[in-house]
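Colleague: Provided herewith is a single structure, encoded as structure tokens, for subsequent inquiry.
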Amino acid sequence: MVKQTTIKEAISLEGVGLHTGQHVKMTFKPAPVNNGYTFVRVDLEGSPVIEADANYVTNTQRGTNLEKLGVKIQTSEHVLAAFVGCDVDNVIIEINASEPPIMDGSSKYFVEAIEKVGIITQDADRQVYVVKEVISFTDENTGSEITIIPSDEYCVTAMVDFGTKVLGTQNATMKSIKDFKADFSNCRTFSFLHELEGLLQHGLIKGGDLNNAIVYVDKEISPETMEHLKTAFGKDNITVKPNGILDNLTLHYPNEAARHKLLDIVGDLALIGTRIQGKVIANKPGHFVNTMFAKKMSKIIKNEQRNQIPVYDLNKEPLMDITKILAMLPHRFPFILVDRILEMTDSQVVGMKNVTMNEEFFQGHFPGAPVMPGVLIVEAMAQTGGILILSSVPDPENYLTYFMKIDNVKFKQKVLPGDTLIFKLELLSPIRRGICHMQAVAYANGKLVAEAELMAQIVKKN
């Protein structure tokens with residue numbers, strides 16, 4: 001397993017927001033394990049936190065914009081792409097405005113800041129979602145599509161076609177995330193002249209100049225538009241190069257537009273909240289389709305994690321066999337419903353029961369169609385939890401365990417003779433005064449069969 005990472009120390013950058021034109025100070029700070037990427041608006045009362053979560057995306061016009069409880073972060077994608085590309089898992093991003101500084105329109109300066117302070121390994125495993133089947137999202141209105149397929153590592157292909165002669169069709173491929181810093185992080189954002197005119201008319205891109213955006217001239221520039229651009233960019237003269245680029249900006253790559261779209265994909269998919277292993281293929285990508293795909297992936301991953309069935313080696317010598325269990329639990333035939341304890345820590349326990357036709361309850365439940373009663377599955381989970389709570393005292397043989405409460409009980413599958421039941425119980429709160437509050441689940445045949453919240457108390461025998 002690869003360990004999580006964060007930056008070694010804090011580092012700040014300053015610049016202007018592309019659309020707001022505000023002077024912005026942004027500080028990257030080390031974060032604890034499992035923090036992920038979090039923005040902190042230090043300019044607002046209480047310094048509210050906005051997690052980099054696809055479910056907080058509210059707008060994708062000219063960037064990926066997040067909003068939580070009325071607090072906004074605009075154009076988050078370039079910053080997030082830098083952290084993914086530099087292999088950083090956890091970071092706190094303090095910012096004194098709604099929009100990160102645009103810098104040169106790429107992730108280059110963010111990457112350089114991360115490399116300047118360095119990265120440290122943390123004491124927690126990185127969670128990676130391994131893609132096992134094809135997953136896709138299509139925007140029916142635009143025809144934009146993103147698909148992810150199984151792969152040995154995280155790689156991305158972006159195919160761009162805007163139907164204009166000046167840009168044409170471009171492709172870019174990142175074979176490994178290790179290639180991001182050298183081949184994609186310095187690729188700048190771009191716009192078409194017709195889009196630029198509209199943005200200027202609506203008072204946007206106040207922080208833009210010809211050094212932080214590539215402008216593709218896809219139409220003839222009228223004298224009025226030329227004067228407007230001179231005023232907007234503070235230039236005495238503006239020209240169009242033979243390659244159709246406004247002013248004297250030089251492309252880093254012939255396909256820099258496609259490479260920047262790939263950069264955007266990396267940043268937008270950071271909102272999934274989990275590293276992914278798979279090959280992303282994006283046709284006409286944009287922030288809307290990127291973030292909708294991120295939302296879909298996030299939902300799929302959370303559902304799979306919620307329903308993930310743990311695997312235990314039943315051939316391994318158990319932590320406790322039936323003899324040791326009987327020495328701790330007061331239950332006896334025919335009501336001892338756990339055969340082995342496989343694992344146990346201070347906060348969780350895993351037990352096992354082999355269900356056979358010899359169980360007495362099968363005589364009446366039901367003749368000709370034997371099914372283990374749900375109430376006994378709950379009892380078996382409770383007995384397993386009883387091992388955990390009794391292990392918290394030095395003399396468990398002197399205590400009895402009593403149910404106090406059972407909540408949220410659900411039965412998902414039938415349990416039949418021949419099944420092997422696995423019980424896993426985790427503390428929902430620390431054991432206090434002999435009271436134990438646990439989340440309990442039961443599995444059989446690779447499926448969840450039952451779940452419940454249990455509360456029990458151990459009481460000393462008279």
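Going through the structure tokens in order, the chains are called A, B, and so on, while each chain numbers its residues from 1 and the ligands are numbered from 1 in the order shown.
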Extract, using only C-alpha atoms, all DNA, RNA and protein residues at most 10 Å from A:Glu227, discarding same-chain residues fewer than 5 positions from it, and format them as number ranges by chain.
Modeller: A: 221-222, 232, 235-238
Colleague: Within 8 Å of stretch 53-60 of chain A, counting only C-alpha atoms, which residues show up once you throw out same-chain ones fewer than 2 positions away? Write them as a list in words, please.
Modeller: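 So, after excluding close chain neighbours, the residues are Glu51, Arg62, Gly63, Thr64, Asn65, Leu66, Glu67, Lys68, Leu271, Ile272, Gly273, His287, Phe288, Thr291, Met292, Ala294, Lys295 and Ser298 of chain A.
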Colleague: Can you work out which one of A:Thr147, A:Thr189, A:Asn283, A:Thr274 has the shortest atom-to-atom distance to A:Asn171, counting only C-alpha atoms?
Modeller: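 Under the stated criterion, the closest residue is A:Asn283.
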Colleague: Which residues, written as an NGL selection string, have at least one atom at most 9 Å from A:Asn90, with only C-alpha atoms counted and residues fewer than 5 positions away on the same chain left out?
Modeller: :A and (4-7 or 30-38 or 83)
Colleague: Taking C-alpha atoms for each residue, export the selection above as a PDB file, in the first residue's frame.
Modeller:
```pdb
ATOM      1  CA  GLN A   4      -0.689   9.305   2.102  1.00  0.00           C
ATOM      2  CA  THR A   5       1.327  12.502   1.696  1.00  0.00           C
ATOM      3  CA  THR A   6       1.206  16.191   2.560  1.00  0.00           C
ATOM      4  CA  ILE A   7       3.538  19.159   2.112  1.00  0.00           C
ATOM      5  CA  PRO A  30       0.228  20.722   5.692  1.00  0.00           C
ATOM      6  CA  ALA A  31      -2.925  18.753   6.558  1.00  0.00           C
ATOM      7  CA  PRO A  32      -3.600  15.618   8.643  1.00  0.00           C
ATOM      8  CA  VAL A  33      -4.310  12.222   7.119  1.00  0.00           C
ATOM      9  CA  ASN A  34      -7.649  11.771   5.342  1.00  0.00           C
ATOM     10  CA  ASN A  35      -8.098  15.557   5.139  1.00  0.00           C
ATOM     11  CA  GLY A  36      -8.004  15.618   1.354  1.00  0.00           C
ATOM     12  CA  TYR A  37      -8.039  19.070  -0.239  1.00  0.00           C
ATOM     13  CA  THR A  38      -9.840  21.775   1.733  1.00  0.00           C
ATOM     14  CA  PHE A  83      -1.686  18.677  -5.969  1.00  0.00           C
TER      15      PHE A  83
END
```
Colleague: Go through A:Tyr129, A:Phe180, A:Phe39, A:Tyr399 one by one, measure the shortest atom-to-atom distance of each to A:Cys86 using only C-alpha atoms, and give the residue with the smallest value.
Modeller: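 For A:Cys86, the nearest of the candidates is A:Phe180.
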Colleague: At a cut-off of 10 Å, using only C-alpha atoms, what residues contact A:Glu256? Leave out same-chain residues fewer than 6 positions from it and give the result as a VMD selection string.
Modeller: chain A and resid 170 to 172 183 to 184 186 to 190 214 262
Colleague: Please, what distance in Å, to one decimal, runs between atom CA of A:Asn462 and atom CA of A:Val393?
Modeller: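 Distance between the two atoms: 16.5 Å.
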Colleague: Closest to A:Glu426 among A:Met455, A:Ile149, A:Leu326, A:Ala81, using only C-alpha atoms?
Modeller: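 Nearest candidate to A:Glu426 out of A:Met455, A:Ile149, A:Leu326, A:Ala81: A:Met455.
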Colleague: Enumerate, as number ranges by chain, the complete set of residues in stretch 118-289 of chain A that a backbone-based DSSP assignment places in strand (DSSP E or B).
Modeller: A: 119-125, 128-130, 135-138, 145-149, 155-161, 169-174, 190-192, 214-216, 240, 245-246, 275-277, 279-283
Colleague: DSSP on the backbone: what in stretch 136-192 of chain A comes out helix (DSSP H, G or I), as JSON, numbers by chain?
Modeller: {"A": [177, 178, 179, 180, 181, 182, 183]}
Colleague: Distance atom CA of A:Lys261-atom CA of A:Val111, one decimal place?
Modeller: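 We find that atom CA of A:Lys261 and atom CA of A:Val111 lie 17.2 Å from each other.
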Colleague: Would you list the contacts of A:Gly163 as a ChimeraX atom specification, taking every protein, DNA or RNA residue within 12 Å and counting only C-alpha atoms, but skipping same-chain residues closer than 5 positions in sequence?
Modeller: /A:168-170,192,218,284
Colleague: Contacts of A:His194 at 12 Å or less, counting only C-alpha atoms, minus same-chain residues fewer than 6 places along, as a list in words?
Modeller: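 Once the nearby chain positions are removed, what remains is Thr164, Leu200, Gln201, Val215, Tyr216, Val217, Asp218, Lys219, Glu220, Ile221, Ser222, Thr225 and Leu229 of chain A.
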Colleague: Could you check how far atom CA of A:Ala440 sits from atom CA of A:Asp321, in Å to one decimal?
Modeller: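 Calculated distance between atom CA of A:Ala440 and atom CA of A:Asp321 is 20.6 Å.
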Colleague: Of the residues A:Lys230, A:Pro417, A:Val409, A:Ser107, which is the one nearest to A:Ala369, using only C-alpha atoms?
Modeller: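 Result for the nearest residue to A:Ala369: A:Pro417.
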Colleague: Report as a PyMOL selection string all protein, DNA and RNA residues lying within 12 Å of A:His365, evaluated on only C-alpha atoms, omitting residues in the same chain fewer than 5 positions from it.
Modeller: chain A and resi 357+359-360+370-376+415-417
Colleague: I need the chosen residues saved as a PDB file, in the first residue's frame, with C-alpha atoms.
Modeller:
```pdb
ATOM      1  CA  MET A 357     -28.811 -28.284   9.705  1.00  0.00           C
ATOM      2  CA  GLU A 359     -29.302 -26.191  14.702  1.00  0.00           C
ATOM      3  CA  GLU A 360     -32.377 -26.830  16.879  1.00  0.00           C
ATOM      4  CA  PRO A 370     -35.017 -24.013   6.804  1.00  0.00           C
ATOM      5  CA  VAL A 371     -34.104 -20.343   7.339  1.00  0.00           C
ATOM      6  CA  MET A 372     -32.118 -18.954  10.259  1.00  0.00           C
ATOM      7  CA  PRO A 373     -34.349 -16.540  12.233  1.00  0.00           C
ATOM      8  CA  GLY A 374     -33.328 -12.898  11.926  1.00  0.00           C
ATOM      9  CA  VAL A 375     -33.578 -12.443  15.681  1.00  0.00           C
ATOM     10  CA  LEU A 376     -30.905 -15.118  16.146  1.00  0.00           C
ATOM     11  CA  VAL A 415     -29.174 -17.435   5.922  1.00  0.00           C
ATOM     12  CA  LEU A 416     -29.467 -21.160   5.180  1.00  0.00           C
ATOM     13  CA  PRO A 417     -27.889 -24.413   6.443  1.00  0.00           C
TER      14      PRO A 417
END
```
Colleague: Using only C-alpha atoms for the distances, tell me which of A:Ser47, A:Leu13, A:Ala52, A:Val71 is nearest to A:Pro100.
Modeller: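 Nearest candidate to A:Pro100 out of A:Ser47, A:Leu13, A:Ala52, A:Val71: A:Leu13.
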